[in-house]
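Read the structure below first, then the notes.
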Amino acid sequence: MDFEKEKNRVFDIIAKQNKWRGGECLNMIASENVMSPVATKAYVSDFMHRYAEGLPHQRYYQGTKFTDDIEDMCNDLAKKLFGADFADNRVISGGVANVCVFSALAKPGELLMGPGTPAGSHISHEKFGAAGVVALNVEHYEFDFERYDIDVEKTVAKIRSLKPKIVTLGGSVIQFPHPVREIRAAADEIGATVVYDGAHVLGLIAGGEFQQPLKEGAHVMTASTHKTFPGPQGGIVLGKGLDEKRQRKIQNRIFPGIVSNHHVHRLPAMAITLLEMMEFGKDYAKQTVKNSKALAGELDRLGMKVLMKERGFTVSHQFIADVRNFGGGTKVADALEECNMIINKNLLAFDDVNNAANPSGIRVGTQELTRFGMKEKEMKQVADLMVRAIGGENKEKVKKEVVELRGRFKEVQYCFKG
Ligand code: DSN
């Protein structure tokens with residue numbers, strides 16, 4: 001093997017990725033974001049070489065006194081920012097957070113209920129995903145197709161009748177607040193735990209621009225830390241009013257249960273992002289939602305069927321559109337990618353979950369465009385470019401305009417400078 005050549009190949013791939021996704025694309029995957037330059041700087045340190053199994057100050061290896069400091073700092077900042085009395089930053093992704101929490105709060109064979117993937121739940125809430133892997137049974141809530149949302153009344157009746165151990169809210173498609181208070185009231189009747197998957201909206205929650213699940217009654221909030229919350233890739237578990245027993249079970253599931261080392265190098269970047277969100281989160285979250293509404297509205301005006309129009313499309317960072325008229329989600333997502341606009345195809349609530357290869361919809365998120373300073377004016381331009389790309393206009397021409405637009409928004413905003 002020519003090692004020099006292969007080594008250079010690695011750096012060549014990095015350079016291409018940095019140039020393309022990092023500098024020439026309009027990135028609108030609703031689950032991605034960019035860290036600030038200061039958080040990025042904090043990401044690379046000696047911590048990335050180290051181990052720290054167990055809880056701070058109770059580790060199984062030596063050499064962890066500064067890991068304890070940074071992990072304590074992350075947990076304290078997270079509790080403050082999210083109004084939680086319990087925070088654990090050791091889960092290495094939102095999905096892992098869900099496995100830990102679900103397996104801690106219910107035994108094999110017991111029932112978890114949630115909206116279901118076509119209605120927005122993350123795959124980890126499903127029988128074919130993490131919930132099933134830890135041998136839970138799964139039933140879905142009732143869906144109101146007219147409002148395109150959870151049918152609260154019928155769902156509460158179903159919860160009363162099926163008596164699940166865990167009820168989930170939140171997830172991967174979430175344009176409007178979920179009925180946390182109503183589901184908590186039903187959960188209390190049967191002794192179930194309410195788990196809100198805040199992976200997508202964590203940054204909006206931090207900025208006070210979305211529902212506050214823990215205040216509204218969720219016992220636990222799981223999340224990833226890199227979607228609207230623009231931190232390092234990873235996860236978090238937060239709790240409020242959770243009794244000692246359930247808290248300990250969750251912590252035991254994290255370690256020694258499912259996570260061994262918890263990727264301690266992400267903690268300094270997490271601490272910086274928590275601080276940045278305390279300082280700049282409100283403005284960032286507000287503009288993200290404004291941009292999401294503006295982009296959805298303009299796409300709708302230009303002929304795309306954006307869902308939930310009657311309710312104003314969205315009050316989060318994301319919206320979904322039914323693109324069957326344009327050939328379906330796969331065709332549209334591919335056409336956009338050819339013009340450097342990156343979104344994902346998405347199941348809609350009426351889709352068969354087995355139709356994930358070509359679902360009816362697309363999902364679009366505005367958090368990353370917002371981080372780079374784009375506002376409503378640019379959203380109009382983005383909508384125009386999207387519709388032209390899907391409509392079959394010369395791809396090179398559209399792509400050139402995309403690269404030009406992106407080139408004017410290179411610096412991350414809403415963060416510490418220097
Ligand atoms: N499935 C991812 C998403 O919502 O995009 C999250 O893991």
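A note on labels: chains of the structure tokens are A, B, ... as shown, every chain counts residues from 1, and ligands are counted from 1 in their shown order.
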Self-check item: Test item: residues lying within 7 Å of ligand 1 with only C-alpha atoms and all ligand atoms, as JSON, numbers by chain
Solution: {"A": [29, 30, 31, 94, 95, 122, 123, 172, 173, 200]}
Save out the residues we just selected, C-alpha atoms, as a tab-separated table (two decimals), in the first residue's frame.
```tsv
chain	number	residue	atom	x	y	z
A	29	ILE	CA	-31.24	18.93	7.46
A	30	ALA	CA	-33.34	19.66	10.55
A	31	SER	CA	-31.03	17.60	12.78
A	94	GLY	CA	-29.93	11.20	21.64
A	95	GLY	CA	-30.66	7.64	20.55
A	122	HIS	CA	-37.67	9.12	16.42
A	123	ILE	CA	-36.97	5.54	15.33
A	172	SER	CA	-37.93	14.09	14.91
A	173	VAL	CA	-40.83	15.89	13.23
A	200	HIS	CA	-34.82	18.50	17.71
```
Assign secondary structure with DSSP using the backbone only, and return the residues of region 203-285 of chain A in alpha helix (DSSP H) as a short mmCIF file (atom, residue, chain, number, x, y, z; two decimals) with all heavy atoms, in the first residue's frame.
```cif
data_model
loop_
_atom_site.label_atom_id
_atom_site.label_comp_id
_atom_site.auth_asym_id
_atom_site.auth_seq_id
_atom_site.Cartn_x
_atom_site.Cartn_y
_atom_site.Cartn_z
N GLY A 203 -32.48 23.45 21.33
CA GLY A 203 -31.97 24.82 21.23
C GLY A 203 -33.08 25.86 21.32
O GLY A 203 -32.87 26.97 21.83
N LEU A 204 -34.27 25.49 20.84
CA LEU A 204 -35.40 26.42 20.93
C LEU A 204 -35.90 26.48 22.37
O LEU A 204 -36.29 27.54 22.87
CB LEU A 204 -36.53 25.98 19.98
CG LEU A 204 -36.15 25.77 18.52
CD1 LEU A 204 -37.38 25.38 17.70
CD2 LEU A 204 -35.50 27.01 17.92
N ILE A 205 -35.87 25.33 23.03
CA ILE A 205 -36.26 25.29 24.46
C ILE A 205 -35.26 26.15 25.25
O ILE A 205 -35.65 26.96 26.09
CB ILE A 205 -36.28 23.84 24.97
CG1 ILE A 205 -37.39 23.04 24.27
CG2 ILE A 205 -36.45 23.78 26.48
CD1 ILE A 205 -37.30 21.53 24.48
N ALA A 206 -33.98 25.99 24.95
CA ALA A 206 -32.94 26.76 25.65
C ALA A 206 -33.15 28.26 25.44
O ALA A 206 -32.95 29.06 26.36
CB ALA A 206 -31.56 26.36 25.14
N PRO A 213 -40.82 21.61 28.20
CA PRO A 213 -41.39 20.30 28.56
C PRO A 213 -41.28 19.96 30.05
O PRO A 213 -42.23 19.41 30.64
CB PRO A 213 -40.57 19.31 27.73
CG PRO A 213 -40.05 20.12 26.61
CD PRO A 213 -39.83 21.50 27.13
N LEU A 214 -40.14 20.29 30.66
CA LEU A 214 -39.98 19.91 32.08
C LEU A 214 -40.90 20.72 32.97
O LEU A 214 -41.42 20.22 33.96
CB LEU A 214 -38.52 20.07 32.51
CG LEU A 214 -37.52 19.11 31.85
CD1 LEU A 214 -36.09 19.47 32.23
CD2 LEU A 214 -37.80 17.65 32.19
N LYS A 215 -41.13 21.97 32.60
CA LYS A 215 -42.06 22.80 33.39
C LYS A 215 -43.49 22.33 33.19
O LYS A 215 -44.33 22.42 34.09
CB LYS A 215 -41.97 24.25 32.92
CG LYS A 215 -41.02 25.08 33.73
CD LYS A 215 -41.28 26.56 33.49
CE LYS A 215 -40.01 27.30 33.85
NZ LYS A 215 -39.68 28.39 32.96
N GLU A 216 -43.78 21.85 31.98
CA GLU A 216 -45.16 21.46 31.66
C GLU A 216 -45.52 20.07 32.18
O GLU A 216 -46.67 19.68 32.11
CB GLU A 216 -45.37 21.53 30.14
CG GLU A 216 -45.36 22.97 29.64
CD GLU A 216 -45.28 23.06 28.12
OE1 GLU A 216 -45.79 22.16 27.43
OE2 GLU A 216 -44.70 24.04 27.63
N GLU A 244 -35.75 9.61 43.41
CA GLU A 244 -34.39 9.08 43.56
C GLU A 244 -34.20 7.74 42.84
O GLU A 244 -33.21 7.50 42.16
CB GLU A 244 -34.15 8.94 45.08
CG GLU A 244 -32.76 8.67 45.54
CD GLU A 244 -31.79 9.82 45.28
OE1 GLU A 244 -32.23 10.98 45.28
OE2 GLU A 244 -30.60 9.51 45.05
N LYS A 245 -35.24 6.88 42.96
CA LYS A 245 -35.12 5.52 42.42
C LYS A 245 -35.01 5.54 40.90
O LYS A 245 -34.14 4.89 40.31
CB LYS A 245 -36.37 4.72 42.86
CG LYS A 245 -36.23 3.25 42.64
CD LYS A 245 -37.38 2.49 43.28
CE LYS A 245 -37.54 1.15 42.59
NZ LYS A 245 -38.90 0.67 42.60
N ARG A 246 -35.90 6.31 40.25
CA ARG A 246 -35.86 6.34 38.77
C ARG A 246 -34.58 7.03 38.28
O ARG A 246 -33.99 6.63 37.29
CB ARG A 246 -37.12 7.04 38.22
CG ARG A 246 -38.33 6.11 38.20
CD ARG A 246 -39.55 6.75 37.59
NE ARG A 246 -40.10 7.80 38.45
CZ ARG A 246 -41.21 8.48 38.19
NH1 ARG A 246 -41.88 8.23 37.08
NH2 ARG A 246 -41.65 9.39 39.02
N GLN A 247 -34.19 8.08 39.01
CA GLN A 247 -32.95 8.78 38.64
C GLN A 247 -31.76 7.82 38.69
O GLN A 247 -30.94 7.76 37.78
CB GLN A 247 -32.75 9.95 39.59
CG GLN A 247 -31.61 10.85 39.20
CD GLN A 247 -31.54 12.06 40.11
OE1 GLN A 247 -32.55 12.72 40.35
NE2 GLN A 247 -30.37 12.36 40.62
N ARG A 248 -31.68 7.05 39.76
CA ARG A 248 -30.55 6.12 39.92
C ARG A 248 -30.58 5.03 38.85
O ARG A 248 -29.56 4.64 38.31
CB ARG A 248 -30.57 5.51 41.31
CG ARG A 248 -29.17 5.50 41.90
CD ARG A 248 -28.99 4.82 43.23
NE ARG A 248 -30.16 4.19 43.78
CZ ARG A 248 -30.87 4.69 44.79
NH1 ARG A 248 -30.55 5.82 45.35
NH2 ARG A 248 -31.92 4.04 45.26
N LYS A 249 -31.80 4.58 38.53
CA LYS A 249 -31.93 3.54 37.49
C LYS A 249 -31.41 4.07 36.15
O LYS A 249 -30.72 3.36 35.43
CB LYS A 249 -33.40 3.16 37.33
CG LYS A 249 -33.84 2.04 38.22
CD LYS A 249 -35.22 1.58 37.81
CE LYS A 249 -35.62 0.34 38.55
NZ LYS A 249 -37.02 0.01 38.30
N ILE A 250 -31.75 5.31 35.84
CA ILE A 250 -31.28 5.90 34.57
C ILE A 250 -29.76 5.99 34.60
O ILE A 250 -29.08 5.60 33.64
CB ILE A 250 -31.92 7.28 34.33
CG1 ILE A 250 -33.42 7.14 34.05
CG2 ILE A 250 -31.23 8.01 33.16
CD1 ILE A 250 -34.19 8.45 34.00
N GLN A 251 -29.21 6.46 35.71
CA GLN A 251 -27.75 6.60 35.79
C GLN A 251 -27.05 5.24 35.71
O GLN A 251 -25.99 5.13 35.08
CB GLN A 251 -27.36 7.33 37.07
CG GLN A 251 -27.72 8.80 36.97
CD GLN A 251 -27.30 9.59 38.18
OE1 GLN A 251 -27.57 9.20 39.30
NE2 GLN A 251 -26.68 10.73 37.96
N ASN A 252 -27.68 4.22 36.29
CA ASN A 252 -27.09 2.87 36.19
C ASN A 252 -27.19 2.30 34.79
O ASN A 252 -26.35 1.52 34.37
CB ASN A 252 -27.79 1.91 37.16
CG ASN A 252 -27.27 2.11 38.57
OD1 ASN A 252 -26.16 2.60 38.75
ND2 ASN A 252 -28.08 1.76 39.55
N ARG A 266 -16.02 15.89 24.32
CA ARG A 266 -17.13 16.76 23.91
C ARG A 266 -17.57 17.69 25.05
O ARG A 266 -18.26 18.68 24.81
CB ARG A 266 -18.31 15.95 23.37
CG ARG A 266 -18.88 14.92 24.31
CD ARG A 266 -20.04 14.17 23.68
NE ARG A 266 -21.22 15.00 23.56
CZ ARG A 266 -22.04 15.28 24.57
NH1 ARG A 266 -21.81 14.81 25.79
NH2 ARG A 266 -23.09 16.04 24.38
N LEU A 267 -17.17 17.39 26.28
CA LEU A 267 -17.69 18.17 27.41
C LEU A 267 -17.26 19.64 27.39
O LEU A 267 -18.09 20.52 27.64
CB LEU A 267 -17.31 17.50 28.74
CG LEU A 267 -17.94 16.11 28.95
CD1 LEU A 267 -17.39 15.47 30.23
CD2 LEU A 267 -19.45 16.18 29.02
N PRO A 268 -15.97 19.97 27.12
CA PRO A 268 -15.63 21.40 27.06
C PRO A 268 -16.43 22.15 26.00
O PRO A 268 -16.90 23.27 26.24
CB PRO A 268 -14.14 21.39 26.72
CG PRO A 268 -13.64 20.06 27.20
CD PRO A 268 -14.77 19.10 26.99
N ALA A 269 -16.62 21.53 24.84
CA ALA A 269 -17.41 22.18 23.78
C ALA A 269 -18.87 22.32 24.20
O ALA A 269 -19.55 23.30 23.87
CB ALA A 269 -17.30 21.39 22.49
N MET A 270 -19.32 21.34 24.96
CA MET A 270 -20.70 21.39 25.48
C MET A 270 -20.85 22.55 26.46
O MET A 270 -21.83 23.31 26.42
CB MET A 270 -21.03 20.05 26.15
CG MET A 270 -22.44 19.91 26.65
SD MET A 270 -23.65 19.93 25.31
CE MET A 270 -25.16 20.07 26.26
N ALA A 271 -19.86 22.71 27.34
CA ALA A 271 -19.92 23.81 28.32
C ALA A 271 -19.93 25.16 27.60
O ALA A 271 -20.71 26.05 27.96
CB ALA A 271 -18.73 23.71 29.28
N ILE A 272 -19.08 25.30 26.59
CA ILE A 272 -19.05 26.57 25.85
C ILE A 272 -20.41 26.81 25.18
O ILE A 272 -20.97 27.92 25.25
CB ILE A 272 -17.94 26.55 24.76
CG1 ILE A 272 -16.55 26.49 25.39
CG2 ILE A 272 -18.07 27.75 23.82
CD1 ILE A 272 -16.09 27.74 26.10
N THR A 273 -20.98 25.77 24.58
CA THR A 273 -22.27 25.96 23.88
C THR A 273 -23.38 26.29 24.89
O THR A 273 -24.25 27.12 24.60
CB THR A 273 -22.64 24.71 23.07
OG1 THR A 273 -21.51 24.32 22.29
CG2 THR A 273 -23.82 24.99 22.14
N LEU A 274 -23.35 25.67 26.06
CA LEU A 274 -24.35 26.00 27.08
C LEU A 274 -24.23 27.48 27.46
O LEU A 274 -25.24 28.19 27.58
CB LEU A 274 -24.17 25.12 28.32
CG LEU A 274 -24.64 23.67 28.17
CD1 LEU A 274 -23.99 22.76 29.21
CD2 LEU A 274 -26.17 23.57 28.28
N LEU A 275 -23.01 27.95 27.63
CA LEU A 275 -22.81 29.36 27.97
C LEU A 275 -23.29 30.27 26.83
O LEU A 275 -23.95 31.28 27.06
CB LEU A 275 -21.33 29.63 28.26
CG LEU A 275 -20.78 29.01 29.55
CD1 LEU A 275 -19.25 29.06 29.57
CD2 LEU A 275 -21.35 29.71 30.78
N GLU A 276 -22.96 29.87 25.63
CA GLU A 276 -23.38 30.68 24.47
C GLU A 276 -24.90 30.73 24.35
O GLU A 276 -25.47 31.78 24.01
CB GLU A 276 -22.77 30.12 23.18
CG GLU A 276 -21.27 30.38 23.09
CD GLU A 276 -20.62 29.87 21.82
OE1 GLU A 276 -21.12 28.88 21.25
OE2 GLU A 276 -19.60 30.44 21.40
N MET A 277 -25.53 29.61 24.65
CA MET A 277 -27.00 29.61 24.56
C MET A 277 -27.63 30.46 25.66
O MET A 277 -28.69 31.04 25.48
CB MET A 277 -27.54 28.18 24.59
CG MET A 277 -27.23 27.41 23.30
SD MET A 277 -27.90 28.18 21.80
CE MET A 277 -29.62 27.72 21.94
N MET A 278 -26.97 30.52 26.81
CA MET A 278 -27.47 31.41 27.87
C MET A 278 -27.38 32.86 27.42
O MET A 278 -28.26 33.66 27.68
CB MET A 278 -26.64 31.22 29.15
CG MET A 278 -26.98 29.95 29.87
SD MET A 278 -25.83 29.68 31.24
CE MET A 278 -26.67 28.33 32.08
N GLU A 279 -26.30 33.17 26.72
CA GLU A 279 -26.06 34.55 26.31
C GLU A 279 -26.80 34.93 25.02
O GLU A 279 -27.37 36.01 24.92
CB GLU A 279 -24.53 34.72 26.12
CG GLU A 279 -24.07 36.09 25.68
CD GLU A 279 -24.00 37.09 26.81
OE1 GLU A 279 -24.33 36.73 27.95
OE2 GLU A 279 -23.63 38.25 26.53
N PHE A 280 -26.80 34.05 24.04
CA PHE A 280 -27.32 34.40 22.71
C PHE A 280 -28.52 33.55 22.27
O PHE A 280 -29.04 33.75 21.17
CB PHE A 280 -26.22 34.23 21.64
CG PHE A 280 -24.92 34.90 21.98
CD1 PHE A 280 -23.85 34.17 22.47
CD2 PHE A 280 -24.77 36.28 21.82
CE1 PHE A 280 -22.65 34.79 22.79
CE2 PHE A 280 -23.57 36.90 22.14
CZ PHE A 280 -22.50 36.16 22.63
N GLY A 281 -28.91 32.60 23.10
CA GLY A 281 -29.91 31.61 22.68
C GLY A 281 -31.26 32.20 22.31
O GLY A 281 -31.91 31.72 21.38
N LYS A 282 -31.66 33.23 23.01
CA LYS A 282 -33.00 33.78 22.75
C LYS A 282 -33.06 34.35 21.33
O LYS A 282 -33.99 34.07 20.57
CB LYS A 282 -33.34 34.84 23.81
CG LYS A 282 -34.70 35.43 23.61
CD LYS A 282 -35.45 35.70 24.91
CE LYS A 282 -36.93 35.88 24.69
NZ LYS A 282 -37.67 34.63 24.51
N ASP A 283 -32.08 35.17 20.99
CA ASP A 283 -32.08 35.80 19.66
C ASP A 283 -31.97 34.74 18.56
O ASP A 283 -32.64 34.82 17.53
CB ASP A 283 -30.90 36.78 19.52
CG ASP A 283 -31.12 38.02 20.39
OD1 ASP A 283 -32.27 38.25 20.81
OD2 ASP A 283 -30.14 38.73 20.66
N TYR A 284 -31.09 33.79 18.79
CA TYR A 284 -30.90 32.73 17.79
C TYR A 284 -32.18 31.91 17.58
O TYR A 284 -32.61 31.67 16.44
CB TYR A 284 -29.73 31.82 18.22
CG TYR A 284 -29.79 30.41 17.73
CD1 TYR A 284 -29.63 30.11 16.38
CD2 TYR A 284 -30.03 29.35 18.62
CE1 TYR A 284 -29.70 28.79 15.92
CE2 TYR A 284 -30.10 28.05 18.17
CZ TYR A 284 -29.94 27.77 16.83
OH TYR A 284 -30.02 26.47 16.39
N ALA A 285 -32.80 31.53 18.69
CA ALA A 285 -34.01 30.69 18.59
C ALA A 285 -35.15 31.47 17.93
O ALA A 285 -35.88 30.94 17.09
CB ALA A 285 -34.42 30.20 19.97
#
```
Applying 9 Å and only C-alpha atoms, which residues near Asn261 (chain A) remain after dropping the ones on its own chain fewer than 6 positions away? List them as a PDB file with N, CA, C and O atoms, in the first residue's frame.
```
ATOM      1  N   ARG A  50      -8.786  10.429  26.675  1.00  0.00           N
ATOM      2  CA  ARG A  50      -8.939   9.910  28.048  1.00  0.00           C
ATOM      3  C   ARG A  50     -10.226   9.145  28.298  1.00  0.00           C
ATOM      4  O   ARG A  50     -11.198   9.296  27.576  1.00  0.00           O
ATOM      5  N   TYR A  51     -10.200   8.414  29.393  1.00  0.00           N
ATOM      6  CA  TYR A  51     -11.354   7.645  29.839  1.00  0.00           C
ATOM      7  C   TYR A  51     -11.910   8.225  31.139  1.00  0.00           C
ATOM      8  O   TYR A  51     -11.163   8.759  31.952  1.00  0.00           O
ATOM      9  N   ALA A  52     -13.211   8.057  31.324  1.00  0.00           N
ATOM     10  CA  ALA A  52     -13.806   8.491  32.597  1.00  0.00           C
ATOM     11  C   ALA A  52     -15.088   7.714  32.844  1.00  0.00           C
ATOM     12  O   ALA A  52     -16.182   8.226  32.639  1.00  0.00           O
ATOM     13  N   GLU A  53     -14.958   6.481  33.240  1.00  0.00           N
ATOM     14  CA  GLU A  53     -16.162   5.679  33.480  1.00  0.00           C
ATOM     15  C   GLU A  53     -16.783   6.018  34.834  1.00  0.00           C
ATOM     16  O   GLU A  53     -16.081   6.264  35.813  1.00  0.00           O
ATOM     17  N   GLY A  54     -18.104   6.024  34.876  1.00  0.00           N
ATOM     18  CA  GLY A  54     -18.810   6.301  36.126  1.00  0.00           C
ATOM     19  C   GLY A  54     -19.179   7.769  36.259  1.00  0.00           C
ATOM     20  O   GLY A  54     -19.033   8.553  35.327  1.00  0.00           O
ATOM     21  N   ARG A  90     -23.491  12.152  29.971  1.00  0.00           N
ATOM     22  CA  ARG A  90     -22.624  11.041  29.548  1.00  0.00           C
ATOM     23  C   ARG A  90     -23.149  10.268  28.342  1.00  0.00           C
ATOM     24  O   ARG A  90     -22.412   9.496  27.744  1.00  0.00           O
ATOM     25  N   PHE A 255     -24.220   4.067  32.907  1.00  0.00           N
ATOM     26  CA  PHE A 255     -23.028   3.324  33.298  1.00  0.00           C
ATOM     27  C   PHE A 255     -23.312   2.570  34.592  1.00  0.00           C
ATOM     28  O   PHE A 255     -23.825   3.181  35.527  1.00  0.00           O
TER      29      PHE A 255
END
```
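Atom pair CA of Val99 (chain A) / CA of Gly361 (chain A): separated by 27.5 Å.
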Quiz item: Contacts of region 405-417 of chain A at 7 Å or less, counting only C-alpha atoms, minus same-chain residues fewer than 2 places along, as a list in words?
Solution: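 Here the qualifying residues turn out to be Gly23, Glu24, Cys25, Leu26, Ser36, Val38, Glu276, Phe280, Tyr284, Arg371, Phe372, Gly373, Glu401, Val402 and Val403 of chain A.
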Would you export the selected residues with all heavy atoms as a compact mmCIF listing (two decimals), in the first residue's frame, please?
```txt
# COMPACT_ATOMS: atom_id res chain seq x y z
N GLY A 23 -18.93 24.99 3.04
CA GLY A 23 -18.80 26.32 2.44
C GLY A 23 -19.66 26.62 1.24
O GLY A 23 -19.83 27.76 0.86
N GLU A 24 -20.22 25.56 0.63
CA GLU A 24 -20.94 25.81 -0.63
C GLU A 24 -22.38 25.34 -0.61
O GLU A 24 -23.09 25.50 -1.60
CB GLU A 24 -20.21 25.11 -1.78
CG GLU A 24 -18.80 25.65 -2.01
CD GLU A 24 -18.10 24.94 -3.17
OE1 GLU A 24 -18.52 23.82 -3.56
OE2 GLU A 24 -17.13 25.53 -3.67
N CYS A 25 -22.81 24.76 0.50
CA CYS A 25 -24.18 24.21 0.54
C CYS A 25 -25.09 25.03 1.43
O CYS A 25 -24.65 25.64 2.41
CB CYS A 25 -24.15 22.78 1.11
SG CYS A 25 -23.57 21.56 -0.06
N LEU A 26 -26.37 24.98 1.11
CA LEU A 26 -27.39 25.46 2.04
C LEU A 26 -27.84 24.23 2.81
O LEU A 26 -28.54 23.37 2.27
CB LEU A 26 -28.54 26.10 1.27
CG LEU A 26 -28.18 27.36 0.47
CD1 LEU A 26 -29.35 27.82 -0.40
CD2 LEU A 26 -27.74 28.49 1.40
N SER A 36 -19.87 26.77 17.29
CA SER A 36 -19.20 28.06 17.15
C SER A 36 -17.69 27.83 17.06
O SER A 36 -17.19 26.76 17.45
CB SER A 36 -19.49 28.92 18.37
OG SER A 36 -18.78 28.41 19.49
N VAL A 38 -15.42 29.05 18.95
CA VAL A 38 -14.85 28.84 20.30
C VAL A 38 -15.15 27.42 20.78
O VAL A 38 -14.28 26.74 21.33
CB VAL A 38 -15.38 29.91 21.29
CG1 VAL A 38 -14.85 29.63 22.69
CG2 VAL A 38 -14.99 31.31 20.84
N GLU A 276 -22.96 29.87 25.63
CA GLU A 276 -23.38 30.68 24.47
C GLU A 276 -24.90 30.73 24.35
O GLU A 276 -25.47 31.78 24.01
CB GLU A 276 -22.77 30.12 23.18
CG GLU A 276 -21.27 30.38 23.09
CD GLU A 276 -20.62 29.87 21.82
OE1 GLU A 276 -21.12 28.88 21.25
OE2 GLU A 276 -19.60 30.44 21.40
N PHE A 280 -26.80 34.05 24.04
CA PHE A 280 -27.32 34.40 22.71
C PHE A 280 -28.52 33.55 22.27
O PHE A 280 -29.04 33.75 21.17
CB PHE A 280 -26.22 34.23 21.64
CG PHE A 280 -24.92 34.90 21.98
CD1 PHE A 280 -23.85 34.17 22.47
CD2 PHE A 280 -24.77 36.28 21.82
CE1 PHE A 280 -22.65 34.79 22.79
CE2 PHE A 280 -23.57 36.90 22.14
CZ PHE A 280 -22.50 36.16 22.63
N TYR A 284 -31.09 33.79 18.79
CA TYR A 284 -30.90 32.73 17.79
C TYR A 284 -32.18 31.91 17.58
O TYR A 284 -32.61 31.67 16.44
CB TYR A 284 -29.73 31.82 18.22
CG TYR A 284 -29.79 30.41 17.73
CD1 TYR A 284 -29.63 30.11 16.38
CD2 TYR A 284 -30.03 29.35 18.62
CE1 TYR A 284 -29.70 28.79 15.92
CE2 TYR A 284 -30.10 28.05 18.17
CZ TYR A 284 -29.94 27.77 16.83
OH TYR A 284 -30.02 26.47 16.39
N ARG A 371 -27.85 30.26 11.93
CA ARG A 371 -26.56 30.42 12.62
C ARG A 371 -25.57 31.23 11.78
O ARG A 371 -24.72 31.92 12.30
CB ARG A 371 -25.94 29.04 12.89
CG ARG A 371 -26.67 28.24 13.93
CD ARG A 371 -26.21 28.49 15.32
NE ARG A 371 -24.91 27.92 15.62
CZ ARG A 371 -24.18 28.28 16.67
NH1 ARG A 371 -24.63 29.22 17.49
NH2 ARG A 371 -23.01 27.71 16.90
N PHE A 372 -25.69 31.09 10.46
CA PHE A 372 -24.78 31.83 9.59
C PHE A 372 -25.31 33.23 9.26
O PHE A 372 -24.74 33.92 8.41
CB PHE A 372 -24.49 31.04 8.31
CG PHE A 372 -23.49 29.94 8.53
CD1 PHE A 372 -23.88 28.60 8.53
CD2 PHE A 372 -22.16 30.23 8.77
CE1 PHE A 372 -22.96 27.59 8.75
CE2 PHE A 372 -21.22 29.22 9.00
CZ PHE A 372 -21.63 27.90 8.99
N GLY A 373 -26.40 33.61 9.92
CA GLY A 373 -26.85 35.01 9.82
C GLY A 373 -27.95 35.28 8.81
O GLY A 373 -28.30 36.44 8.58
N GLU A 401 -25.89 29.93 -8.12
CA GLU A 401 -26.54 30.95 -7.27
C GLU A 401 -26.55 30.52 -5.81
O GLU A 401 -26.43 31.35 -4.91
CB GLU A 401 -27.97 31.20 -7.77
CG GLU A 401 -28.02 31.96 -9.09
CD GLU A 401 -29.45 32.21 -9.54
OE1 GLU A 401 -30.28 32.65 -8.72
OE2 GLU A 401 -29.73 31.97 -10.73
N VAL A 402 -26.69 29.21 -5.58
CA VAL A 402 -26.66 28.69 -4.20
C VAL A 402 -25.28 28.97 -3.59
O VAL A 402 -25.16 29.49 -2.46
CB VAL A 402 -26.98 27.17 -4.17
CG1 VAL A 402 -26.61 26.57 -2.81
CG2 VAL A 402 -28.44 26.93 -4.47
N VAL A 403 -24.24 28.64 -4.34
CA VAL A 403 -22.87 28.83 -3.84
C VAL A 403 -22.62 30.32 -3.57
O VAL A 403 -22.01 30.69 -2.55
CB VAL A 403 -21.84 28.26 -4.85
CG1 VAL A 403 -20.41 28.59 -4.42
CG2 VAL A 403 -22.02 26.75 -4.98
```
